[in-house]
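Visitor: Below is the structure I would like to discuss, written out as structure tokens.
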Amino acid sequence: MAKTTKKKSVKQQPVKKGLSETQRWVLGVVLFAFAVFLLAAVAFYYVYWPDDQSFVGWGDMWGGEGIVMNPTGKTGAVLAHYIVGEWFGVFGLVIPVILIILALRIINYRPAILRKSIRISLLIMILGSLSLGFIFRDK
């Protein structure tokens, strides 16, 4: 009788779902850089908004030859105008903070409880902007 040899079955590696470690880091760093840019744009909007009122639309941003005082450039001035001037007002600073928290979470740094901190930040932003809009309705 001949011996039968069993072939060792090759175990396949489990298929990973989602992003690889490098892709997560790249996405997290890009989101973090954008959030810091947006935070700077919104912060400088409070200082330079009277000077930058001529660049309030996306079409005016690329076509004009005027000088924007906001250090983040025309793009930052327009983004900050929409976030602060059109949408959320003073509480527009919460949006970059939320993006920073998400970017740190993507990199696997857990600065705080993610769901709770984002939920509280969104609640503060929405209720705060609605309250100030109601109080200063005429102005």
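Chain labels A, B, ... are given in the sequence in which chains occur in the structure tokens; within each chain residues are numbered consecutively from 1, and ligands are likewise numbered from 1 in the order shown.
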DSSP on the backbone, then: every residue of region 10-66 of chain A marked helix (DSSP H, G or I), written as a count of residues only.

Guide: 34

Visitor: Show which residues sit within 9 Å of Leu38 (chain A), as number ranges by chain. Count only C-alpha atoms, and ignore same-chain residues fewer than 5 positions away.

Guide: A: 33, 43, 72, 76, 79-80, 93, 95-96

Visitor: Rounded to one decimal, what separation in Å do you get between CA of Gly28 (chain A) and CA of Ile106 (chain A)?

Guide: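 Separation of CA of Gly28 (chain A) and CA of Ile106 (chain A): 5.3 Å.
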
Visitor: May I have the residues within 10 Å of Met69 (chain A) as a PyMOL selection string, using only C-alpha atoms and disregarding those fewer than 3 positions away in the same chain?

Guide: chain A and resi 44-45+47-52+66+72-74+77

Visitor: Go ahead and save the picked residues with N, CA and C atoms, as a PDB file, in the first residue's frame.

Guide:
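Result file follows (out-v4.pdb):
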```
ATOM      1  N   PHE A  44      -9.469  84.402  11.598  1.00  0.00           N
ATOM      2  CA  PHE A  44      -9.064  85.655  10.973  1.00  0.00           C
ATOM      3  C   PHE A  44     -10.236  86.390  10.332  1.00  0.00           C
ATOM      4  N   TYR A  45     -11.332  85.692  10.093  1.00  0.00           N
ATOM      5  CA  TYR A  45     -12.520  86.349   9.552  1.00  0.00           C
ATOM      6  C   TYR A  45     -13.044  87.394  10.536  1.00  0.00           C
ATOM      7  N   VAL A  47     -11.371  89.249  12.414  1.00  0.00           N
ATOM      8  CA  VAL A  47     -10.492  90.426  12.404  1.00  0.00           C
ATOM      9  C   VAL A  47     -10.635  91.208  11.102  1.00  0.00           C
ATOM     10  N   TYR A  48     -10.666  90.504   9.973  1.00  0.00           N
ATOM     11  CA  TYR A  48     -10.566  91.160   8.670  1.00  0.00           C
ATOM     12  C   TYR A  48     -11.858  91.174   7.864  1.00  0.00           C
ATOM     13  N   TRP A  49     -12.998  90.866   8.456  1.00  0.00           N
ATOM     14  CA  TRP A  49     -14.205  90.777   7.648  1.00  0.00           C
ATOM     15  C   TRP A  49     -14.608  92.086   6.990  1.00  0.00           C
ATOM     16  N   PRO A  50     -14.388  93.269   7.593  1.00  0.00           N
ATOM     17  CA  PRO A  50     -14.787  94.490   6.861  1.00  0.00           C
ATOM     18  C   PRO A  50     -13.967  94.704   5.590  1.00  0.00           C
ATOM     19  N   ASP A  51     -12.709  94.308   5.620  1.00  0.00           N
ATOM     20  CA  ASP A  51     -11.845  94.504   4.454  1.00  0.00           C
ATOM     21  C   ASP A  51     -12.124  93.502   3.344  1.00  0.00           C
ATOM     22  N   ASP A  52     -12.654  92.348   3.700  1.00  0.00           N
ATOM     23  CA  ASP A  52     -12.832  91.269   2.728  1.00  0.00           C
ATOM     24  C   ASP A  52     -14.263  91.154   2.205  1.00  0.00           C
ATOM     25  N   GLY A  66      -8.433  92.246  -6.445  1.00  0.00           N
ATOM     26  CA  GLY A  66      -8.272  92.904  -5.154  1.00  0.00           C
ATOM     27  C   GLY A  66      -7.431  92.064  -4.208  1.00  0.00           C
ATOM     28  N   THR A  72      -5.352  83.477   5.098  1.00  0.00           N
ATOM     29  CA  THR A  72      -5.603  82.198   4.444  1.00  0.00           C
ATOM     30  C   THR A  72      -5.970  82.367   2.974  1.00  0.00           C
ATOM     31  N   GLY A  73      -5.963  83.587   2.486  1.00  0.00           N
ATOM     32  CA  GLY A  73      -6.193  83.846   1.071  1.00  0.00           C
ATOM     33  C   GLY A  73      -7.665  83.989   0.742  1.00  0.00           C
ATOM     34  N   LYS A  74      -7.923  84.037  -0.550  1.00  0.00           N
ATOM     35  CA  LYS A  74      -9.298  84.218  -1.015  1.00  0.00           C
ATOM     36  C   LYS A  74     -10.172  83.018  -0.672  1.00  0.00           C
ATOM     37  N   ALA A  77     -11.051  83.193   2.961  1.00  0.00           N
ATOM     38  CA  ALA A  77     -11.982  84.297   3.222  1.00  0.00           C
ATOM     39  C   ALA A  77     -13.397  83.930   2.801  1.00  0.00           C
TER      40      ALA A  77
END
```

Visitor: Between CA of Ile67 (chain A) and CA of Val90 (chain A), measure the distance and give it in Å to one decimal.

Guide: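 Atom-to-atom, CA of Ile67 (chain A) and CA of Val90 (chain A) are spaced 24.6 Å apart.
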
Visitor: Using only C-alpha atoms, can you tell me which of A:Glu21, A:Lys16, A:Phe32, A:Phe136 comes closest to Ala103 (chain A)?

Guide: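 Of A:Glu21, A:Lys16, A:Phe32, A:Phe136, the one nearest Ala103 (chain A) is A:Phe32, counting only C-alpha atoms.
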